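Visitor: coords_22.cif is the file, holding mmCIF, C-alpha atoms:
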data_target
loop_
_atom_site.label_atom_id
_atom_site.label_comp_id
_atom_site.auth_asym_id
_atom_site.auth_seq_id
_atom_site.Cartn_x
_atom_site.Cartn_y
_atom_site.Cartn_z
CA MET S 166 1.68 50.08 15.54
CA SER S 167 5.16 48.60 15.82
CA ARG S 168 7.61 50.25 18.17
CA TYR S 169 10.38 49.67 15.60
CA ALA S 170 11.26 51.74 12.56
CA GLU S 171 9.62 50.26 9.51
CA PRO S 172 12.73 48.58 7.93
CA MET S 173 13.50 46.86 11.24
CA ALA S 174 9.89 45.77 11.74
CA ARG S 175 9.77 44.39 8.20
CA LEU S 176 12.96 42.32 8.62
CA ILE S 177 11.68 40.97 11.95
CA GLU S 178 8.41 39.96 10.26
CA GLU S 179 10.29 38.14 7.47
CA LEU S 180 12.65 36.38 9.88
CA LYS S 181 9.70 35.18 11.97
CA LYS S 182 8.55 33.12 8.98
CA LEU S 183 11.57 30.82 9.43
CA PRO S 184 10.69 27.53 11.16
CA GLY S 185 11.18 27.70 14.93
CA VAL S 186 11.99 31.40 14.94
CA GLY S 187 9.74 33.42 17.23
CA ALA S 188 9.51 37.16 17.87
CA LYS S 189 12.42 37.15 20.34
CA SER S 190 14.85 35.33 18.06
CA ALA S 191 13.80 37.35 15.01
CA GLN S 192 14.48 40.54 16.94
CA ARG S 193 17.88 39.23 18.05
CA TYR S 194 18.84 38.30 14.46
CA ALA S 195 17.64 41.64 13.11
CA PHE S 196 19.66 43.66 15.63
CA HIS S 197 22.69 41.47 14.95
CA ILE S 198 22.38 42.26 11.25
CA LEU S 199 21.95 45.96 12.01
CA ARG S 200 25.18 45.95 14.04
CA SER S 201 27.17 43.92 11.51
CA SER S 202 29.24 45.46 8.70
CA ASP S 203 27.69 46.63 5.45
CA GLU S 204 29.55 43.82 3.67
CA ASP S 205 28.13 41.10 5.93
CA ALA S 206 24.59 42.38 5.55
CA ALA S 207 24.98 42.60 1.78
CA ALA S 208 26.45 39.08 1.66
CA LEU S 209 23.49 37.66 3.57
CA ALA S 210 20.98 39.45 1.36
CA GLU S 211 22.78 38.26 -1.74
CA ALA S 212 23.01 34.65 -0.48
CA VAL S 213 19.27 34.57 0.16
CA ARG S 214 18.46 36.05 -3.25
CA ASN S 215 20.99 33.81 -5.00
CA LEU S 216 19.57 30.64 -3.42
CA LYS S 217 16.29 30.98 -5.24
CA ALA S 218 17.83 32.36 -8.39
CA SER S 219 20.42 29.66 -8.96
CA LEU S 220 18.90 26.49 -7.54
CA ARG S 221 16.55 24.38 -9.61
CA LEU S 222 15.31 20.80 -9.69
CA CYS S 223 17.37 18.16 -11.48
CA SER S 224 15.56 17.36 -14.71
CA ILE S 225 16.15 13.64 -14.13
CA CYS S 226 15.61 13.03 -10.41
CA ASN S 227 14.04 16.27 -9.06
CA ASN S 228 16.83 16.74 -6.52
CA VAL S 229 17.54 20.38 -5.65
CA THR S 230 20.70 21.30 -7.53
CA ASP S 231 22.74 24.16 -8.99
CA ILE S 232 23.82 22.09 -12.00
CA ASP S 233 21.54 20.01 -14.20
CA PRO S 234 21.67 17.02 -14.12
CA CYS S 235 22.56 16.89 -10.43
CA VAL S 236 25.82 15.43 -9.07
CA TYR S 237 24.26 11.99 -8.58
CA CYS S 238 22.60 11.74 -11.99
CA ALA S 239 25.76 13.05 -13.69
CA SER S 240 28.18 10.73 -11.87
CA PRO S 241 29.70 7.93 -13.97
CA ALA S 242 30.81 6.30 -10.69
CA ARG S 243 27.21 5.66 -9.62
CA ASN S 244 24.89 2.91 -10.79
CA GLN S 245 22.36 4.81 -12.89
CA ARG S 246 20.13 1.72 -13.12
CA MET S 247 19.43 1.56 -9.38
CA VAL S 248 17.09 4.29 -8.12
CA CYS S 249 16.31 5.07 -4.48
CA VAL S 250 12.96 6.89 -4.20
CA VAL S 251 12.77 9.42 -1.34
CA GLU S 252 10.20 11.94 -0.15
CA GLU S 253 12.35 15.06 0.10
CA PRO S 254 15.78 16.26 -1.06
CA THR S 255 16.82 16.22 2.62
CA SER S 256 16.19 12.46 2.77
CA ILE S 257 19.05 11.90 0.33
CA GLU S 258 21.45 12.94 3.08
CA SER S 259 20.19 10.09 5.32
CA VAL S 260 21.01 7.53 2.66
CA GLU S 261 24.31 9.18 1.67
CA ARG S 262 25.50 9.12 5.30
CA THR S 263 25.46 5.32 5.19
CA ARG S 264 28.31 5.49 2.58
CA ALA S 265 26.94 2.19 1.35
CA TYR S 266 24.65 3.25 -1.46
CA GLN S 267 26.08 3.63 -4.96
CA GLY S 268 22.91 4.13 -6.99
CA VAL S 269 21.01 7.32 -7.82
CA TYR S 270 17.84 8.96 -6.45
CA HIS S 271 14.38 10.11 -7.36
CA VAL S 272 12.76 12.81 -5.22
CA LEU S 273 8.95 12.83 -5.01
CA HIS S 274 8.72 16.16 -3.15
CA GLY S 275 6.02 14.85 -0.83
CA THR S 276 3.89 11.86 0.02
CA LEU S 277 0.35 10.88 -0.83
CA SER S 278 -1.92 12.62 1.65
CA PRO S 279 -5.59 12.70 0.68
CA LEU S 280 -6.41 14.81 3.75
CA HIS S 281 -4.09 17.55 2.49
CA GLY S 282 -5.18 17.20 -1.10
CA VAL S 283 -2.00 15.47 -2.26
CA GLY S 284 -2.86 12.77 -4.78
CA PRO S 285 -0.66 10.94 -7.31
CA ASP S 286 -0.82 13.92 -9.68
CA GLN S 287 0.73 16.24 -7.10
CA LEU S 288 3.78 13.99 -6.65
CA ARG S 289 6.71 14.19 -9.04
CA ALA S 290 6.57 10.54 -9.99
CA ARG S 291 5.81 10.62 -13.71
CA SER S 292 9.44 10.89 -14.88
CA LEU S 293 10.34 7.88 -12.71
CA VAL S 294 7.56 5.78 -14.22
CA GLU S 295 8.69 6.83 -17.68
CA ARG S 296 12.30 5.85 -17.00
CA VAL S 297 11.16 2.46 -15.74
CA GLU S 298 8.91 2.10 -18.78
CA ARG S 299 11.85 2.80 -21.10
CA GLY S 300 13.73 -0.03 -19.39
CA GLU S 301 16.42 2.27 -18.01
CA ILE S 302 16.18 0.94 -14.45
CA ASP S 303 16.91 -2.44 -12.87
CA GLU S 304 15.84 -1.79 -9.27
CA VAL S 305 13.63 0.78 -7.60
CA ILE S 306 14.22 1.03 -3.84
CA LEU S 307 11.22 2.60 -2.12
CA ALA S 308 12.81 4.58 0.71
CA THR S 309 9.84 6.66 1.82
CA SER S 310 9.42 6.78 5.62
CA PRO S 311 7.48 3.95 7.30
CA THR S 312 4.78 6.44 8.29
CA LEU S 313 1.14 6.23 7.21
CA GLU S 314 1.71 8.54 4.23
CA GLY S 315 5.11 7.06 3.37
CA GLU S 316 3.69 3.53 3.30
CA ALA S 317 0.72 4.60 1.20
CA THR S 318 3.08 6.29 -1.25
CA ALA S 319 5.35 3.24 -1.44
CA ASN S 320 2.38 0.94 -2.04
CA TRP S 321 0.94 3.21 -4.71
CA LEU S 322 4.28 3.42 -6.53
CA ALA S 323 4.83 -0.34 -6.28
CA THR S 324 1.43 -0.91 -7.85
CA ALA S 325 2.15 1.61 -10.61
CA LEU S 326 5.50 -0.02 -11.41
CA HIS S 327 4.58 -3.68 -11.08
CA ARG S 328 3.49 -3.92 -14.72
CA PHE S 329 7.08 -3.32 -15.83
CA PRO S 330 9.92 -5.84 -15.55
CA VAL S 331 11.73 -4.04 -12.72
CA LYS S 332 12.77 -5.21 -9.26
CA ILE S 333 10.89 -3.21 -6.62
CA THR S 334 12.16 -3.27 -3.05
CA ARG S 335 11.17 -1.59 0.22
CA ILE S 336 13.66 -0.57 2.94
CA ALA S 337 13.39 -2.60 6.13
CA THR S 338 11.18 -1.55 9.01
CA GLY S 339 12.51 -2.87 12.30
CA VAL S 340 14.28 -2.24 15.56
CA PRO S 341 16.83 0.59 15.06
CA ALA S 342 20.48 -0.33 15.56
CA GLY S 343 21.53 0.09 19.18
CA SER S 344 17.99 -0.08 20.59
CA GLU S 345 16.69 -2.54 23.18
CA ILE S 346 13.73 -4.58 21.95
CA GLU S 347 12.18 -4.08 25.39
CA TYR S 348 11.37 -0.48 24.49
CA MET S 349 9.97 -1.09 21.01
CA ASP S 350 6.36 -0.27 20.14
CA GLU S 351 4.27 -3.21 18.99
CA VAL S 352 3.99 -2.14 15.35
CA THR S 353 7.76 -1.90 14.93
CA MET S 354 8.25 -5.18 16.79
CA ALA S 355 5.65 -6.92 14.63
CA ARG S 356 7.38 -5.62 11.49
CA ALA S 357 10.77 -6.72 12.83
CA MET S 358 9.43 -10.25 13.42
CA GLU S 359 7.64 -10.36 10.08
CA GLY S 360 10.73 -9.05 8.29
CA ARG S 361 13.12 -11.53 9.88
CA ARG S 362 15.73 -12.98 7.57
CA GLU S 363 17.51 -16.26 7.49
CA ILE S 364 21.13 -16.02 8.65
CA MET I 781 24.52 8.15 62.75
CA SER I 782 21.07 8.17 61.12
CA ARG I 783 18.54 10.60 62.47
CA TYR I 784 15.87 7.87 62.10
CA ALA I 785 15.01 5.04 64.46
CA GLU I 786 16.79 1.87 63.36
CA PRO I 787 13.75 0.06 61.78
CA MET I 788 12.98 3.15 59.68
CA ALA I 789 16.60 3.65 58.66
CA ARG I 790 16.84 -0.03 57.69
CA LEU I 791 13.73 0.09 55.47
CA ILE I 792 14.98 3.28 53.80
CA GLU I 793 18.32 1.58 53.08
CA GLU I 794 16.56 -1.42 51.53
CA LEU I 795 14.22 0.72 49.43
CA LYS I 796 17.15 2.75 48.13
CA LYS I 797 18.44 -0.42 46.45
CA LEU I 798 15.49 -0.31 44.00
CA PRO I 799 16.45 1.10 40.58
CA GLY I 800 15.88 4.84 40.35
CA VAL I 801 14.94 5.21 44.00
CA GLY I 802 17.07 7.77 45.83
CA ALA I 803 17.15 8.82 49.48
CA LYS I 804 14.19 11.19 49.12
CA SER I 805 11.88 8.67 47.47
CA ALA I 806 12.91 5.88 49.81
CA GLN I 807 12.09 8.11 52.77
CA ARG I 808 8.71 8.99 51.25
CA TYR I 809 7.87 5.31 50.66
CA ALA I 810 8.98 4.36 54.17
CA PHE I 811 6.83 7.02 55.83
CA HIS I 812 3.90 6.05 53.63
CA ILE I 813 4.25 2.45 54.83
CA LEU I 814 4.55 3.62 58.43
CA ARG I 815 1.28 5.54 58.12
CA SER I 816 -0.59 2.76 56.29
CA SER I 817 -2.65 0.08 58.05
CA ASP I 818 -1.05 -2.98 59.61
CA GLU I 819 -2.78 -5.10 56.94
CA ASP I 820 -1.31 -3.10 54.05
CA ALA I 821 2.18 -3.25 55.49
CA ALA I 822 1.86 -6.98 56.10
CA ALA I 823 0.53 -7.53 52.56
CA LEU I 824 3.50 -5.69 51.04
CA ALA I 825 6.00 -7.64 53.15
CA GLU I 826 4.29 -10.91 52.26
CA ALA I 827 4.16 -10.04 48.52
CA VAL I 828 7.89 -9.34 48.48
CA ARG I 829 8.71 -12.56 50.35
CA ASN I 830 6.31 -14.58 48.22
CA LEU I 831 7.80 -13.32 44.95
CA LYS I 832 11.10 -15.00 45.59
CA ALA I 833 9.58 -18.05 47.26
CA SER I 834 7.09 -18.97 44.53
CA LEU I 835 8.70 -17.87 41.26
CA ARG I 836 11.13 -20.06 39.44
CA LEU I 837 12.51 -20.47 35.93
CA CYS I 838 10.62 -22.59 33.41
CA SER I 839 12.56 -25.83 33.00
CA ILE I 840 12.10 -25.65 29.23
CA CYS I 841 12.54 -21.99 28.25
CA ASN I 842 13.95 -20.25 31.39
CA ASN I 843 11.06 -17.78 31.50
CA VAL I 844 10.19 -16.58 35.01
CA THR I 845 7.05 -18.47 36.01
CA ASP I 846 4.98 -19.70 38.93
CA ILE I 847 4.06 -22.92 37.16
CA ASP I 848 6.47 -25.25 35.39
CA PRO I 849 6.44 -25.48 32.39
CA CYS I 850 5.45 -21.85 31.86
CA VAL I 851 2.21 -20.77 30.16
CA TYR I 852 3.88 -20.59 26.73
CA CYS I 853 5.65 -23.94 26.89
CA ALA I 854 2.50 -25.60 28.27
CA SER I 855 0.12 -24.13 25.68
CA PRO I 856 -1.23 -26.53 23.06
CA ALA I 857 -2.37 -23.48 21.07
CA ARG I 858 1.21 -22.37 20.44
CA ASN I 859 3.66 -23.72 17.91
CA GLN I 860 6.20 -25.51 20.11
CA ARG I 861 8.54 -25.98 17.12
CA MET I 862 9.14 -22.26 16.60
CA VAL I 863 11.33 -20.64 19.26
CA CYS I 864 11.95 -16.92 19.70
CA VAL I 865 15.23 -16.34 21.59
CA VAL I 866 15.24 -13.24 23.83
CA GLU I 867 17.67 -11.71 26.29
CA GLU I 868 15.39 -11.22 29.29
CA PRO I 869 11.95 -12.37 30.48
CA THR I 870 10.80 -8.75 30.04
CA SER I 871 11.58 -8.97 26.30
CA ILE I 872 8.81 -11.56 25.91
CA GLU I 873 6.28 -8.81 26.57
CA SER I 874 7.58 -6.82 23.56
CA VAL I 875 6.95 -9.74 21.25
CA GLU I 876 3.61 -10.67 22.87
CA ARG I 877 2.30 -7.13 22.40
CA THR I 878 2.50 -7.62 18.64
CA ARG I 879 -0.26 -10.29 18.97
CA ALA I 880 1.25 -11.81 15.86
CA TYR I 881 3.60 -14.42 17.29
CA GLN I 882 2.28 -17.89 17.97
CA GLY I 883 5.47 -19.75 18.80
CA VAL I 884 7.29 -20.19 22.12
CA TYR I 885 10.35 -18.55 23.71
CA HIS I 886 13.79 -19.19 25.06
CA VAL I 887 15.24 -16.75 27.59
CA LEU I 888 19.04 -16.40 27.70
CA HIS I 889 19.09 -14.21 30.84
CA GLY I 890 21.75 -11.93 29.40
CA THR I 891 23.98 -11.34 26.42
CA LEU I 892 27.56 -12.16 25.66
CA SER I 893 29.68 -9.44 27.22
CA PRO I 894 33.37 -10.28 27.53
CA LEU I 895 34.02 -6.99 29.33
CA HIS I 896 31.64 -8.03 32.09
CA GLY I 897 32.85 -11.62 32.16
CA VAL I 898 29.77 -13.04 30.45
CA GLY I 899 30.81 -15.79 28.05
CA PRO I 900 28.78 -18.55 26.40
CA ASP I 901 28.88 -20.61 29.61
CA GLN I 902 27.17 -17.87 31.61
CA LEU I 903 24.20 -17.73 29.22
CA ARG I 904 21.34 -20.19 29.57
CA ALA I 905 21.66 -21.49 26.02
CA ARG I 906 22.54 -25.15 26.51
CA SER I 907 18.94 -26.42 26.78
CA LEU I 908 18.08 -24.61 23.52
CA VAL I 909 20.98 -26.21 21.69
CA GLU I 910 19.91 -29.60 23.06
CA ARG I 911 16.33 -29.14 21.88
CA VAL I 912 17.56 -28.20 18.41
CA GLU I 913 19.91 -31.18 18.44
CA ARG I 914 17.02 -33.51 19.28
CA GLY I 915 15.18 -32.16 16.22
CA GLU I 916 12.38 -30.67 18.28
CA ILE I 917 12.57 -27.24 16.61
CA ASP I 918 11.91 -26.03 13.05
CA GLU I 919 12.84 -22.37 13.37
CA VAL I 920 14.90 -20.37 15.85
CA ILE I 921 14.18 -16.62 15.68
CA LEU I 922 17.07 -14.64 17.17
CA ALA I 923 15.31 -11.68 18.80
CA THR I 924 18.17 -10.28 20.85
CA SER I 925 18.46 -6.49 20.60
CA PRO I 926 20.43 -5.02 17.69
CA THR I 927 23.02 -3.69 20.15
CA LEU I 928 26.70 -4.66 20.18
CA GLU I 929 26.13 -7.41 22.78
CA GLY I 930 22.83 -8.54 21.26
CA GLU I 931 24.37 -8.90 17.80
CA ALA I 932 27.38 -10.78 19.17
CA THR I 933 25.02 -13.12 21.03
CA ALA I 934 22.87 -13.71 17.94
CA ASN I 935 25.95 -14.42 15.81
CA TRP I 936 27.39 -16.79 18.38
CA LEU I 937 24.10 -18.70 18.66
CA ALA I 938 23.68 -18.85 14.89
CA THR I 939 27.16 -20.36 14.59
CA ALA I 940 26.43 -22.87 17.36
CA LEU I 941 23.16 -23.95 15.71
CA HIS I 942 24.22 -23.95 12.06
CA ARG I 943 25.42 -27.54 12.23
CA PHE I 944 21.85 -28.73 12.82
CA PRO I 945 19.09 -28.81 10.19
CA VAL I 946 17.13 -25.89 11.63
CA LYS I 947 16.03 -22.60 10.08
CA ILE I 948 17.75 -19.70 11.87
CA THR I 949 16.38 -16.19 11.39
CA ARG I 950 17.20 -12.75 12.77
CA ILE I 951 14.59 -10.04 13.42
CA ALA I 952 14.81 -7.04 11.09
CA THR I 953 16.90 -4.00 11.92
CA GLY I 954 15.51 -0.90 10.23
CA VAL I 955 13.62 2.33 10.49
CA PRO I 956 10.99 2.03 13.25
CA ALA I 957 7.35 2.30 12.18
CA GLY I 958 6.18 5.90 12.20
CA SER I 959 9.67 7.41 12.00
CA GLU I 960 10.97 9.78 9.35
CA ILE I 961 14.03 8.47 7.54
CA GLU I 962 15.45 11.98 7.71
CA TYR I 963 16.15 11.48 11.41
CA MET I 964 17.70 8.02 11.21
CA ASP I 965 21.31 7.37 12.23
CA GLU I 966 23.54 6.01 9.49
CA VAL I 967 23.90 2.51 10.94
CA THR I 968 20.14 1.98 11.08
CA MET I 969 19.70 3.48 7.62
CA ALA I 970 22.43 1.26 6.20
CA ARG I 971 20.75 -1.79 7.75
CA ALA I 972 17.37 -0.71 6.41
CA MET I 973 18.80 -0.41 2.88
CA GLU I 974 20.72 -3.67 3.18
CA GLY I 975 17.64 -5.45 4.55
CA ARG I 976 15.30 -4.19 1.83
CA ARG I 977 12.83 -6.73 0.56
CA GLU I 978 11.17 -7.21 -2.76
CA ILE I 979 7.51 -6.15 -2.77
#
Rewrite the structure from the file as structure tokens, please.

Guide:
Amino acid sequence: MSRYAEPMARLIEELKKLPGVGAKSAQRYAFHILRSSDEDAAALAEAVRNLKASLRLCSICNNVTDIDPCVYCASPARNQRMVCVVEEPTSIESVERTRAYQGVYHVLHGTLSPLHGVGPDQLRARSLVERVERGEIDEVILATSPTLEGEATANWLATALHRFPVKITRIATGVPAGSEIEYMDEVTMARAMEGRREI
Amino acid sequence: MSRYAEPMARLIEELKKLPGVGAKSAQRYAFHILRSSDEDAAALAEAVRNLKASLRLCSICNNVTDIDPCVYCASPARNQRMVCVVEEPTSIESVERTRAYQGVYHVLHGTLSPLHGVGPDQLRARSLVERVERGEIDEVILATSPTLEGEATANWLATALHRFPVKITRIATGVPAGSEIEYMDEVTMARAMEGRREI
């Protein structure tokens, strides 16, 4: 039996479900909340509840959003005919940080992973294929990670889209900016050599 | 004054000049040598002396070698008209590990670095330019690191070689194989997007 009163034990159990939060941290957070004002505790509870209640997926690109369509799909300043395909909503931030991309996104919410039972039907790709089919898109940039699953997903999507007149591109695999080639693994180095470009 | 006898103190001083070797390690190495057999100590001394006496730079590519020309420049199995330009002899190993490259090399022994007084004249690039000028080379692959100095060096070489009819390529900068794009810095991500290729 827990040495804590039931409400405390229950909050600790829920907090422990957060990634990277163990028993010690959960306990620390719970006692912090106990000591904080009624308003602060209520605000946290409300923020958690509100997150799930008010966020949804963009009906066009599947990005997590509070308005539909999302800010990217609704923006007249962005090129709606150029679509960058990413694995997760969090990947969008990586591309946005470059401040160089002016197109829109499509979020798959995962990668192909036969071992984990994720096949093409489990990915949110259908609406993308339909948009390409309707001729709404000029270029699809496959920006899944250059991991095993990310590559498989990119290849599968490329195959699915190749029957339509759309430009399909893959982000470059290579030596990261600022790195010494001396410390590169052979796969990355091979891809950097293979992907060399005329200058 | 050192608490060690002069020969011991002198060896410790010399060993401390090795990269990453501090007083403690140098002392440990020195005592290890003291305790080892006369043959082992003599073999180590001879190996060190021999290294400098018998290694030289390849007269064609500047690689460190015991035979001249080096194994790459002397190999009939390798494409002598495709040259991969690297900063250091150790960089060759990165490219060789890919097992995909069948051309030869050119070692610059450094990068442009105005702050450290390294200008074009301090790099070993002249023989490369001469070989290109004589029409001996079809493609020059600039495989300097995508660091500030490496990029400056690649750009300078490209400019110097552009007046000759030779293909000049740069290795790809991008997301390394196996990495999640979520964790990429913005410069690398921007280069990966910019360097995307049609598939």

Visitor: Considering only C-alpha atoms, extract the chain I residues located within 6 Å of chain S and return them as a ChimeraX atom specification.

Guide: /I:871,874,877-878,925-927,948-958,960-962,966,968,970,972-973,975-979

Visitor: List as a list of chain:residue names the protein and nucleic acid residues near Ile847 (chain I), meaning an atom at most 9 Å away when all atoms listed in the file are counted, but skip any in the same chain fewer than 4 places from it.

Guide: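 Everything that qualifies: I:Ser834, I:Leu835, I:Arg836, I:Leu837, I:Cys838, I:Val851.
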
Visitor: Pick out the residues sitting within 7 Å of Thr933 (chain I), and hand them over as a compact mmCIF listing (two decimals) with C-alpha atoms, in the frame of the given file; count only C-alpha atoms, and ignore anything fewer than 4 positions along from it in its own chain.

Guide:
# COMPACT_ATOMS: atom_id res chain seq x y z
CA THR I 891 23.98 -11.34 26.42
CA LEU I 892 27.56 -12.16 25.66
CA GLU I 929 26.13 -7.41 22.78
CA LEU I 937 24.10 -18.70 18.66

Visitor: What is the distance, in Å and to one decimal place, between CA of Asn227 (chain S) and CA of Leu293 (chain S)?

Guide: 9.9 Å

Visitor: Just how far from CA of Val331 (chain S) is CA of Val229 (chain S), in Å to one decimal?

Guide: 26.1 Å
